[in-house]
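*Asks:* This one is input07.cif, mmCIF, C-alpha atoms.
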```cif
data_query
loop_
_atom_site.label_atom_id
_atom_site.label_comp_id
_atom_site.auth_asym_id
_atom_site.auth_seq_id
_atom_site.Cartn_x
_atom_site.Cartn_y
_atom_site.Cartn_z
CA MET E 448 123.21 84.25 143.73
CA GLU E 449 125.16 87.32 144.82
CA HIS E 450 125.93 89.99 142.22
CA SER E 451 129.67 89.45 142.57
CA ASP E 452 129.30 85.71 141.99
CA SER E 453 127.11 86.30 138.98
CA GLU E 454 129.65 88.69 137.55
CA CYS E 455 132.42 86.18 138.18
CA HIS E 456 130.55 83.40 136.39
CA PHE E 457 129.77 85.72 133.52
CA LYS E 458 133.43 86.63 133.04
CA CYS E 459 134.30 82.95 132.88
CA LEU E 460 132.43 82.65 129.57
CA SER E 461 134.48 83.16 126.45
CA GLN E 462 133.70 85.98 124.03
CA ASP E 463 132.98 83.48 121.27
CA LEU E 464 130.43 81.67 123.44
CA LEU E 465 128.76 84.93 124.42
CA ALA E 466 128.61 86.01 120.78
CA ASP E 467 127.09 82.65 119.83
CA ILE E 468 124.42 83.13 122.51
CA MET E 469 123.61 86.70 121.54
CA VAL E 470 123.28 85.95 117.84
CA ARG E 471 120.27 83.78 118.75
CA LEU E 472 118.41 86.68 120.40
CA ASP E 473 115.72 88.76 118.78
CA GLY E 474 116.03 92.54 118.58
CA SER E 475 114.16 93.33 121.80
CA SER E 476 116.11 90.75 123.80
CA LEU E 477 119.41 91.93 122.37
CA ALA E 478 118.62 95.55 123.25
CA SER E 479 117.60 94.50 126.78
CA ALA E 480 120.76 92.47 127.25
CA ALA E 481 122.82 95.49 126.24
CA CYS E 482 121.40 97.39 129.22
CA THR E 483 122.43 94.84 131.85
CA CYS E 484 126.18 95.34 132.05
CA SER E 485 129.12 96.89 130.24
CA GLU E 486 130.36 93.57 128.85
CA LEU E 487 127.06 92.76 127.12
CA HIS E 488 126.67 96.36 126.06
CA GLY E 489 129.96 96.16 124.21
CA LEU E 490 129.03 92.89 122.54
CA ALA E 491 125.59 94.24 121.55
CA GLN E 492 127.24 97.04 119.57
CA ASP E 493 128.63 94.52 117.12
CA GLN E 494 126.96 95.38 113.81
CA THR E 495 127.33 91.78 112.67
CA LEU E 496 124.62 90.82 115.17
CA TRP E 497 122.26 93.54 113.96
CA LYS E 498 123.05 92.75 110.33
CA HIS E 499 122.07 89.13 110.95
CA LEU E 500 118.85 90.29 112.65
CA CYS E 501 117.96 92.61 109.76
CA HIS E 502 118.62 89.89 107.18
CA SER E 503 116.52 87.33 109.08
CA THR E 504 113.67 89.77 109.76
CA TRP E 505 113.66 91.35 106.29
CA PRO E 506 115.28 88.97 103.77
CA SER E 507 115.05 91.74 101.17
CA THR E 508 117.91 93.54 102.98
CA SER E 509 120.22 90.63 102.13
CA LEU E 510 119.52 90.76 98.40
CA LYS E 511 122.26 91.87 96.03
CA GLU E 512 120.27 94.98 95.05
CA ALA E 513 120.19 96.11 98.68
CA GLN E 514 123.92 96.01 99.39
CA GLN E 515 124.56 99.43 97.86
CA PHE E 516 122.25 101.06 100.42
CA PHE E 517 123.99 99.52 103.43
CA SER E 518 127.61 99.71 102.32
CA SER E 519 127.94 103.32 103.51
CA PHE E 520 126.23 102.72 106.87
CA THR E 521 128.05 103.95 109.96
CA MET E 522 128.86 101.79 113.00
CA GLU E 523 125.26 102.29 114.18
CA GLY E 524 123.74 101.51 110.80
CA PHE E 525 122.03 98.16 111.18
CA ASN E 526 120.82 98.59 114.75
CA ARG E 527 119.41 101.98 113.74
CA PHE E 528 117.68 100.38 110.74
CA TYR E 529 116.20 97.66 112.99
CA ALA E 530 115.05 100.15 115.62
CA ASP E 531 113.38 102.30 112.92
CA SER E 532 111.78 99.49 110.93
CA TYR E 533 110.61 96.94 113.52
CA PRO E 534 107.95 99.03 115.35
CA LEU E 535 104.91 100.16 113.38
CA ILE E 536 103.60 103.69 112.93
CA LEU E 537 101.21 104.56 115.73
CA HIS E 538 98.23 106.74 114.91
CA ASP E 539 97.73 108.77 118.06
CA ARG E 540 95.61 111.89 118.22
CA LYS E 541 98.04 113.25 120.80
CA ASN E 542 100.90 112.83 118.35
CA SER E 543 101.34 116.47 117.39
CA ASP E 544 105.09 116.61 116.78
CA ILE E 545 105.62 118.69 113.66
CA ILE E 546 108.60 117.92 111.46
CA PRO E 547 109.75 120.72 109.12
CA ILE E 548 108.83 119.92 105.53
CA GLN E 549 111.88 118.89 103.53
CA THR E 550 112.24 120.63 100.21
CA HIS E 551 113.57 119.20 96.96
CA LEU E 552 112.39 115.70 97.74
CA SER E 553 112.73 113.19 94.93
CA PRO E 554 111.63 109.55 94.47
CA SER E 555 115.30 108.68 94.02
CA ASP E 556 115.88 109.65 97.68
CA PHE E 557 114.00 106.58 98.89
CA ALA E 558 114.40 102.82 98.60
CA SER E 559 111.77 100.22 99.49
CA PHE E 560 112.25 96.77 101.02
CA ILE E 561 109.17 94.58 100.60
CA ASP E 562 108.79 91.17 102.26
CA VAL E 563 105.71 88.95 102.31
CA TYR E 564 105.34 86.08 104.78
CA TYR E 565 102.98 83.17 105.19
CA ARG E 566 102.93 81.42 108.55
CA ASP E 567 106.21 83.16 109.51
CA LYS E 568 107.95 81.90 106.36
CA CYS E 569 109.11 84.51 103.86
CA ILE E 570 107.61 83.77 100.44
CA LEU E 571 108.50 86.96 98.57
CA SER E 572 111.28 89.59 98.89
CA ARG E 573 111.93 92.53 96.59
CA VAL E 574 113.86 95.82 96.59
CA LEU E 575 112.73 98.99 94.81
CA ASP E 576 115.13 101.88 94.27
CA GLY E 577 113.02 105.02 93.85
CA MET E 578 110.33 104.46 91.22
CA PRO E 579 110.32 101.37 88.98
CA SER E 580 111.97 102.03 85.63
CA THR E 581 108.85 100.99 83.73
CA ALA E 582 106.98 103.94 85.25
CA VAL E 583 109.41 106.34 83.60
CA CYS E 584 108.29 107.88 80.34
CA GLY E 585 111.40 108.78 78.41
CA ASP E 586 114.33 110.16 80.36
CA GLY E 587 113.70 109.43 84.05
CA GLN E 588 115.89 112.37 85.11
CA SER E 589 114.16 114.95 82.93
CA ASN E 590 112.32 117.88 84.46
CA ASP E 591 109.22 117.01 82.44
CA TYR E 592 109.04 113.58 84.01
CA LEU E 593 109.53 114.93 87.53
CA ARG E 594 106.82 117.54 87.01
CA TRP E 595 104.48 114.85 85.73
CA LEU E 596 105.30 112.59 88.68
CA LEU E 597 104.84 115.26 91.32
CA ASN E 598 101.48 116.43 89.99
CA CYS E 599 99.89 113.06 89.16
CA PRO E 600 98.40 110.59 91.66
CA PHE E 601 101.29 108.76 93.34
CA ARG E 602 101.46 104.97 93.03
CA LEU E 603 104.54 102.87 93.78
CA VAL E 604 104.22 99.49 92.07
CA LEU E 605 106.02 96.28 92.94
CA PHE E 606 103.86 94.00 90.78
CA ASP E 607 101.10 94.89 88.38
CA VAL E 608 99.71 92.18 86.15
CA ASP E 609 99.20 93.28 82.55
CA SER E 610 98.11 89.95 81.11
CA VAL E 611 97.92 86.28 81.97
CA GLU E 612 98.90 83.62 79.45
CA GLY E 613 98.77 80.03 80.63
CA ASP E 614 100.94 79.63 83.71
CA GLU E 615 102.91 82.84 83.15
CA VAL E 616 102.18 86.16 84.78
CA ARG E 617 103.39 89.38 83.20
CA SER E 618 104.85 91.77 85.75
CA ALA E 619 105.20 95.48 85.02
CA ASN E 620 108.64 95.80 86.60
CA ASP E 621 110.16 92.48 85.56
CA GLU E 622 113.04 93.04 83.15
CA TYR E 623 112.33 89.79 81.30
CA GLY E 624 108.63 90.60 80.98
CA TYR E 625 107.31 87.43 82.57
CA THR E 626 107.58 85.93 86.01
CA GLN E 627 105.69 83.36 88.02
CA ILE E 628 105.52 83.72 91.78
CA GLN E 629 104.33 80.79 93.81
CA ALA E 630 104.35 80.29 97.55
CA PRO E 631 104.70 76.97 99.31
CA THR E 632 101.45 75.05 99.66
CA PHE E 633 99.02 77.63 100.99
CA MET E 634 96.55 75.36 102.74
CA ASN E 635 95.21 71.84 102.75
CA PRO E 636 94.12 70.84 99.22
CA VAL E 637 90.91 69.42 100.68
CA GLN E 638 89.96 72.93 101.85
CA ILE E 639 90.29 74.52 98.44
CA GLY E 640 86.99 75.22 96.74
CA LYS E 641 85.96 77.62 94.02
CA SER E 642 83.09 79.08 96.01
CA LYS E 643 84.63 78.99 99.47
CA ASP E 644 85.84 82.21 101.02
CA HIS E 645 89.40 81.83 102.40
CA SER E 646 89.65 85.39 103.75
CA LYS E 647 90.02 84.17 107.32
CA GLU E 648 93.01 81.98 106.42
CA LEU E 649 94.65 84.95 104.69
CA VAL E 650 94.07 87.23 107.67
CA GLU E 651 95.65 84.68 109.99
CA GLY E 652 98.54 83.68 107.73
CA ILE E 653 99.66 86.55 105.48
CA ARG E 654 102.02 89.24 106.77
CA LEU E 655 103.54 92.07 104.75
CA SER E 656 106.37 94.49 105.50
CA TRP E 657 107.10 97.60 103.38
CA VAL E 658 110.13 99.43 104.76
CA VAL E 659 111.10 102.76 103.19
CA LEU E 660 114.68 103.97 103.63
CA ASP E 661 115.77 107.57 103.22
CA LYS E 662 119.13 106.99 101.55
CA LYS E 663 120.45 110.47 102.34
CA ARG E 664 119.67 110.55 106.06
CA GLY E 665 119.80 106.84 106.87
CA ARG E 666 116.35 106.84 108.50
CA ALA E 667 113.79 104.10 107.82
CA VAL E 668 110.13 103.39 108.53
CA ASN E 669 107.75 100.48 108.02
CA LEU E 670 104.66 101.79 106.23
CA SER E 671 102.77 98.51 106.56
CA SER E 672 100.39 97.37 109.28
CA TRP E 673 102.13 93.95 109.23
CA LYS E 674 98.79 92.17 109.48
CA PRO E 675 96.12 92.92 106.84
CA VAL E 676 93.52 95.45 107.98
CA LEU E 677 91.13 94.19 105.30
CA VAL E 678 90.82 90.97 103.29
CA LYS E 679 87.97 90.34 100.89
CA LYS E 680 87.26 87.89 98.12
CA ILE E 681 86.58 89.29 94.65
CA TRP E 682 83.52 87.26 93.73
CA ALA E 683 83.54 88.45 90.13
CA THR E 684 86.65 86.30 89.56
CA GLU E 685 87.52 82.80 90.69
CA GLY E 686 89.95 82.67 93.59
CA ASP E 687 91.04 86.37 93.60
CA TYR E 688 91.52 88.14 96.92
CA LEU E 689 92.25 91.76 97.78
CA MET E 690 94.22 92.65 100.92
CA HIS E 691 94.81 96.07 102.46
CA PHE E 692 97.80 96.96 104.61
CA GLY E 693 98.98 100.41 105.62
CA CYS E 694 99.28 103.09 108.28
CA ILE E 695 98.05 106.55 109.24
CA VAL E 696 100.49 109.45 108.97
CA PRO E 697 99.84 112.82 110.66
CA VAL E 698 100.83 115.79 108.50
CA GLU E 699 100.71 119.56 108.63
CA GLU E 700 97.50 121.42 107.83
CA ASN E 701 99.06 123.07 104.77
CA VAL E 702 99.64 119.58 103.32
CA LEU E 703 96.14 118.17 103.96
CA PRO E 704 93.18 120.00 105.53
CA HIS E 705 92.35 117.26 108.05
CA LYS E 706 96.05 116.72 108.85
CA LEU E 707 95.89 112.95 108.28
CA ALA E 708 96.98 110.76 105.38
CA GLU E 709 96.40 107.04 104.89
CA CYS E 710 99.13 104.92 103.36
CA LEU E 711 97.32 102.15 101.51
CA ILE E 712 99.24 99.04 100.44
CA LEU E 713 97.19 96.87 98.10
CA ALA E 714 97.98 93.20 97.58
CA ARG E 715 95.92 91.22 95.11
CA CYS E 716 96.51 87.50 94.75
CA ARG E 717 94.90 84.35 93.40
CA LEU E 718 94.63 80.90 94.88
CA ALA E 719 95.72 78.82 91.91
CA GLY E 720 95.15 75.11 91.48
CA LYS E 721 93.90 72.50 93.89
CA GLU E 722 97.09 72.85 95.94
CA GLY E 723 96.21 76.44 96.84
CA TYR E 724 99.36 78.12 95.50
CA LEU E 725 99.50 81.89 95.90
CA ARG E 726 100.04 83.83 92.70
CA TRP E 727 100.56 87.55 93.21
CA LYS E 728 98.80 89.81 90.74
CA GLU E 729 99.43 93.20 92.32
CA ILE E 730 101.39 94.73 95.17
CA SER E 731 101.35 98.52 95.19
CA MET E 732 101.35 101.47 97.55
CA HIS E 733 99.72 104.91 97.40
CA PHE E 734 98.35 107.60 99.72
CA GLU E 735 94.79 108.80 100.26
CA ASP E 736 93.26 111.66 102.22
CA THR E 737 90.43 111.29 104.74
CA ILE E 738 87.73 111.18 102.04
CA GLY E 739 89.54 108.53 99.98
CA ALA E 740 90.99 110.75 97.26
CA HIS E 741 94.41 109.82 95.87
CA ILE E 742 97.25 112.19 96.77
CA ASN E 743 99.71 113.42 94.16
CA GLY E 744 103.42 112.69 94.05
CA GLU E 745 104.63 115.94 95.60
CA LYS E 746 102.50 115.60 98.73
CA SER E 747 103.13 111.85 98.90
CA LEU E 748 106.88 112.42 99.15
CA ILE E 749 106.24 114.92 101.95
CA ILE E 750 104.09 112.33 103.73
CA ILE E 751 106.81 109.68 103.39
CA ASN E 752 109.32 112.12 104.86
CA ARG E 753 106.89 112.86 107.71
CA ALA E 754 106.40 109.14 108.36
CA LEU E 755 110.13 108.77 109.06
CA TYR E 756 109.61 110.81 112.26
CA CYS E 757 106.26 109.41 113.46
CA SER E 758 105.64 107.80 116.83
CA ARG E 759 105.78 104.01 116.70
CA SER E 760 104.89 100.98 118.75
CA SER E 761 105.86 97.31 118.70
CA LYS E 762 102.45 96.38 120.15
CA TRP E 763 100.21 95.52 117.22
CA LEU E 764 96.98 95.74 119.24
CA VAL E 765 97.75 99.38 120.05
CA VAL E 766 98.46 100.06 116.38
CA GLU E 767 95.21 98.33 115.39
CA LYS E 768 93.24 100.42 117.88
CA GLY E 769 94.71 103.60 116.41
CA TYR E 770 93.76 102.45 112.91
CA GLN E 771 90.19 101.83 114.06
CA GLN E 772 90.07 105.33 115.55
CA PHE E 773 91.13 106.75 112.20
CA GLU E 774 88.43 104.75 110.37
CA GLU E 775 85.80 106.15 112.75
CA GLN E 776 87.12 109.66 112.21
CA LYS E 777 87.20 109.09 108.45
CA GLN E 778 83.58 107.91 108.35
CA GLU E 779 82.53 110.95 110.39
CA ILE E 780 84.30 113.30 107.97
CA ILE E 781 82.70 111.54 105.00
CA ARG E 782 79.28 111.79 106.66
CA LYS E 783 79.68 115.52 107.28
CA THR E 784 80.94 116.08 103.73
CA LYS E 785 77.93 114.25 102.27
CA LEU E 786 75.60 116.23 104.52
CA LYS E 787 77.11 119.52 103.34
CA ASP E 788 76.80 118.40 99.72
CA THR E 789 73.16 117.42 100.28
CA ILE E 790 72.34 120.76 101.88
CA ALA E 791 74.13 122.61 99.09
CA ASN E 792 72.22 120.62 96.45
CA TRP E 793 68.88 121.37 98.11
CA LEU E 794 69.70 125.07 98.36
CA PHE E 795 70.72 125.16 94.72
CA LEU E 796 67.56 123.30 93.71
CA SER E 797 65.43 125.66 95.81
CA PHE E 798 67.10 128.63 94.17
CA GLU E 799 66.40 127.19 90.70
CA VAL E 800 62.76 126.53 91.58
CA SER E 801 62.31 130.06 92.92
CA ILE E 802 63.83 131.51 89.75
CA PHE E 803 61.57 129.33 87.61
CA ILE E 804 58.47 130.37 89.57
CA THR E 805 59.40 134.05 89.43
CA PHE E 806 60.00 134.11 85.66
CA GLY E 807 56.94 131.90 85.09
CA TYR E 808 54.76 134.30 87.03
CA TYR E 809 55.93 137.32 85.07
CA TYR E 810 55.60 135.42 81.79
CA PHE E 811 52.02 134.28 82.32
CA PHE E 812 50.57 137.09 84.42
CA SER E 813 52.41 140.25 83.37
CA PRO E 814 50.34 142.63 81.16
CA ILE E 815 51.16 142.63 77.44
#
```
How would this structure read if it were set down as structure tokens?

*Replies:*
Amino acid sequence: MEHSDSECHFKCLSQDLLADIMVRLDGSSLASAACTCSELHGLAQDQTLWKHLCHSTWPSTSLKEAQQFFSSFTMEGFNRFYADSYPLILHDRKNSDIIPIQTHLSPSDFASFIDVYYRDKCILSRVLDGMPSTAVCGDGQSNDYLRWLLNCPFRLVLFDVDSVEGDEVRSANDEYGYTQIQAPTFMNPVQIGKSKDHSKELVEGIRLSWVVLDKKRGRAVNLSSWKPVLVKKIWATEGDYLMHFGCIVPVEENVLPHKLAECLILARCRLAGKEGYLRWKEISMHFEDTIGAHINGEKSLIIINRALYCSRSSKWLVVEKGYQQFEEQKQEIIRKTKLKDTIANWLFLSFEVSIFITFGYYYFFSPI
């Protein structure tokens, strides 16, 4: 078909029909269509399309609590949010772009959108504005609280089980105190067994997204790895599983010596009953350095700000490869640190032995 004929046929379609076609596209297809011609480019700028995409991709963005964050968005708000949040942070050793450290960062500057999926069906959506209110001791705006927050290990909690009574689960940030979260049937009831390890099913089925939005600048980033990087059964309890998600964020040397921070998202759940219902016991996020030490609130906020400007990729295999490279680098750093500690311990022990021998010699053999 000649280009002129194609253009003629395209112009014969009504705007409503074109809009109905484009609303069915995913983000990548919609962006590609916008590059084909001026007519589609104009239609692709419609924020209603991108709003629909954001709501379908991250149902948490459609919750009532989220509307306040998007009400002030500009004409490029939702497509910017999608472009920021859909690709994952790419750990690349060549990624050396340095972003100036923002000063006066506060937890209230950020909002989190958390969505959990099983087999492409969303089973949990929540919004966190800054830090959960239950983490605040006294007046949340007081200088004492901010100093405590910035100097203590940072941990952003969505769910944290305090106690279990019957079929009710107490959640740390639930205003009514108790909530029960159940997913649709997790797997075939015949497969459920107390001693069987269902880690493989969780790796294949569970997906988690944790998008952080900078409310002041309108930038967003997904701190999750989408797929779990680790799933293991907690054998000390019946049916409990621990899942790790996260990403690797490059930072400046004055923030961390090895210039790398790991965002670690922990999800702990239980397979309850013969039907295999998922009951969430913990979903939280914190940062660790290359030797596994928790990072305090002040540096964690700097890392979050740095993550907003990191390189990203929509190819999960590339992201996974980068994560594996970090794990290898981390193990090498831990090995060298242990070696230095061992050498230091031997030198200290040798010094103590030499002192003991010297004083013992003078004590037993020196003339009276």

*Asks:* Within 12 Å of (99.3, 101.4, 97.8), all atoms listed in the file: residues as JSON, numbers by chain?

*Replies:* {"E": [600, 601, 602, 603, 604, 605, 606, 607, 657, 670, 671, 689, 690, 691, 692, 693, 694, 709, 710, 711, 712, 713, 714, 715, 729, 730, 731, 732, 733, 734, 735, 741, 742, 747]}

*Asks:* Could you save those same residues with C-alpha atoms as a CSV table (one decimal), in the coordinates of the input?

*Replies:*
```csv
chain,number,residue,atom,x,y,z
E,600,PRO,CA,98.4,110.6,91.7
E,601,PHE,CA,101.3,108.8,93.3
E,602,ARG,CA,101.5,105.0,93.0
E,603,LEU,CA,104.5,102.9,93.8
E,604,VAL,CA,104.2,99.5,92.1
E,605,LEU,CA,106.0,96.3,92.9
E,606,PHE,CA,103.9,94.0,90.8
E,607,ASP,CA,101.1,94.9,88.4
E,657,TRP,CA,107.1,97.6,103.4
E,670,LEU,CA,104.7,101.8,106.2
E,671,SER,CA,102.8,98.5,106.6
E,689,LEU,CA,92.2,91.8,97.8
E,690,MET,CA,94.2,92.6,100.9
E,691,HIS,CA,94.8,96.1,102.5
E,692,PHE,CA,97.8,97.0,104.6
E,693,GLY,CA,99.0,100.4,105.6
E,694,CYS,CA,99.3,103.1,108.3
E,709,GLU,CA,96.4,107.0,104.9
E,710,CYS,CA,99.1,104.9,103.4
E,711,LEU,CA,97.3,102.2,101.5
E,712,ILE,CA,99.2,99.0,100.4
E,713,LEU,CA,97.2,96.9,98.1
E,714,ALA,CA,98.0,93.2,97.6
E,715,ARG,CA,95.9,91.2,95.1
E,729,GLU,CA,99.4,93.2,92.3
E,730,ILE,CA,101.4,94.7,95.2
E,731,SER,CA,101.4,98.5,95.2
E,732,MET,CA,101.4,101.5,97.6
E,733,HIS,CA,99.7,104.9,97.4
E,734,PHE,CA,98.4,107.6,99.7
E,735,GLU,CA,94.8,108.8,100.3
E,741,HIS,CA,94.4,109.8,95.9
E,742,ILE,CA,97.2,112.2,96.8
E,747,SER,CA,103.1,111.8,98.9
```

*Asks:* Give the answer as one residue: which of E:Asp576, E:Asp736, E:Asp562, E:Glu745 has the shortest atom-to-atom distance to Ser656 (chain E), using only C-alpha atoms?

*Replies:*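 Result for the nearest residue to Ser656 (chain E): E:Asp562.
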
*Asks:* Excluding same-chain residues fewer than 5 positions from region 466-482 of chain E, what lies within 7 Å of it counting all atoms listed in the file, as a PyMOL selection string?

*Replies:* chain E and resi 487-488+491+496+500

*Asks:* Near Lys783 (chain E), counting only C-alpha atoms, which residues have an atom at most 12 Å away, once you skip same-chain residues fewer than 6 positions from it, shown as a VMD selection string?

*Replies:* chain E and resid 737 to 738 776 to 777 789 to 790

*Asks:* Tell me which residues come within 12 Å of (121.5, 102.2, 117.0), as a list of chain:residue names, counting all atoms listed in the file in the file's coordinates.

*Replies:*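 All residues meeting the 12 Å criterion around (121.5, 102.2, 117.0) are E:Gly474, E:Leu477, E:Ala478, E:Ala481, E:His488, E:Ala491, E:Gln492, E:Asp493, E:Gln494, E:Leu496, E:Trp497, E:Lys498, E:Phe520, E:Thr521, E:Met522, E:Glu523, E:Gly524, E:Phe525, E:Asn526, E:Arg527, E:Phe528, E:Tyr529, E:Ala530, E:Asp531, E:Ser532, E:Gly665, E:Arg666.
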
*Asks:* Residues within 7 Å of Ser555 (chain E), please, as a PyMOL selection string. Count all atoms listed in the file; anything in the same chain fewer than 2 positions from it doesn't count.

*Replies:* chain E and resi 553+557+576-577

*Asks:* In Å to one decimal, how far is CA of Leu707 (chain E) from CA of Thr784 (chain E)?

*Replies:*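 Atom-to-atom, CA of Thr784 (chain E) and CA of Leu707 (chain E) are spaced 15.9 Å apart.
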
*Asks:* So how many Å separate CA of Lys787 (chain E) and CA of Ala740 (chain E), to one decimal?

*Replies:* 17.5 Å

*Asks:* Provide region 652-660 of chain E rebuilt to all heavy atoms, formatted as a CSV table (one decimal), in the frame of the given file.

*Replies:*
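Contents of the output file out-v6.csv:
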```
chain,number,residue,atom,x,y,z
E,652,GLY,N,97.2,84.2,108.2
E,652,GLY,CA,98.5,83.7,107.7
E,652,GLY,C,99.4,84.7,107.0
E,652,GLY,O,100.6,84.6,107.2
E,653,ILE,N,98.8,85.6,106.3
E,653,ILE,CA,99.7,86.6,105.5
E,653,ILE,C,100.1,87.7,106.3
E,653,ILE,O,99.4,88.3,107.1
E,653,ILE,CB,98.8,87.1,104.3
E,653,ILE,CG1,98.6,85.9,103.3
E,653,ILE,CG2,99.6,88.2,103.6
E,653,ILE,CD1,99.8,85.4,102.6
E,654,ARG,N,101.4,88.1,106.2
E,654,ARG,CA,102.0,89.2,106.8
E,654,ARG,C,102.8,90.0,105.7
E,654,ARG,O,103.5,89.3,104.8
E,654,ARG,CB,102.9,88.9,108.0
E,654,ARG,CG,102.2,88.1,109.1
E,654,ARG,CD,101.2,89.0,109.8
E,654,ARG,NE,100.5,88.2,110.8
E,654,ARG,CZ,99.3,87.7,110.7
E,654,ARG,NH1,98.7,87.9,109.5
E,654,ARG,NH2,98.7,87.1,111.7
E,655,LEU,N,102.8,91.3,105.8
E,655,LEU,CA,103.5,92.1,104.8
E,655,LEU,C,104.3,93.2,105.4
E,655,LEU,O,103.8,93.9,106.3
E,655,LEU,CB,102.6,92.6,103.7
E,655,LEU,CG,103.2,93.4,102.5
E,655,LEU,CD1,102.4,93.1,101.2
E,655,LEU,CD2,103.2,94.9,102.8
E,656,SER,N,105.5,93.4,105.0
E,656,SER,CA,106.4,94.5,105.5
E,656,SER,C,106.8,95.3,104.3
E,656,SER,O,107.3,94.8,103.3
E,656,SER,CB,107.6,93.9,106.2
E,656,SER,OG,108.5,95.0,106.6
E,657,TRP,N,106.7,96.7,104.4
E,657,TRP,CA,107.1,97.6,103.4
E,657,TRP,C,107.9,98.7,104.1
E,657,TRP,O,107.4,99.6,104.6
E,657,TRP,CB,105.9,98.2,102.6
E,657,TRP,CG,106.3,99.0,101.4
E,657,TRP,CD1,107.2,100.0,101.3
E,657,TRP,CD2,105.8,98.8,100.1
E,657,TRP,NE1,107.3,100.4,100.0
E,657,TRP,CE2,106.4,99.7,99.2
E,657,TRP,CE3,104.9,97.9,99.5
E,657,TRP,CZ2,106.2,99.8,97.9
E,657,TRP,CZ3,104.6,98.0,98.1
E,657,TRP,CH2,105.2,98.9,97.3
E,658,VAL,N,109.2,98.5,104.1
E,658,VAL,CA,110.1,99.4,104.8
E,658,VAL,C,110.7,100.4,103.7
E,658,VAL,O,111.2,100.0,102.7
E,658,VAL,CB,111.3,98.7,105.4
E,658,VAL,CG1,112.3,99.7,106.1
E,658,VAL,CG2,110.8,97.7,106.5
E,659,VAL,N,110.6,101.7,104.0
E,659,VAL,CA,111.1,102.8,103.2
E,659,VAL,C,112.3,103.3,103.9
E,659,VAL,O,112.3,103.7,105.0
E,659,VAL,CB,110.1,103.9,102.9
E,659,VAL,CG1,110.7,105.0,102.2
E,659,VAL,CG2,108.9,103.3,102.1
E,660,LEU,N,113.4,103.4,103.1
E,660,LEU,CA,114.7,104.0,103.6
E,660,LEU,C,115.0,105.3,102.9
E,660,LEU,O,115.0,105.4,101.7
E,660,LEU,CB,115.8,103.0,103.4
E,660,LEU,CG,117.2,103.5,103.7
E,660,LEU,CD1,117.5,103.7,105.2
E,660,LEU,CD2,118.3,102.5,103.1
```
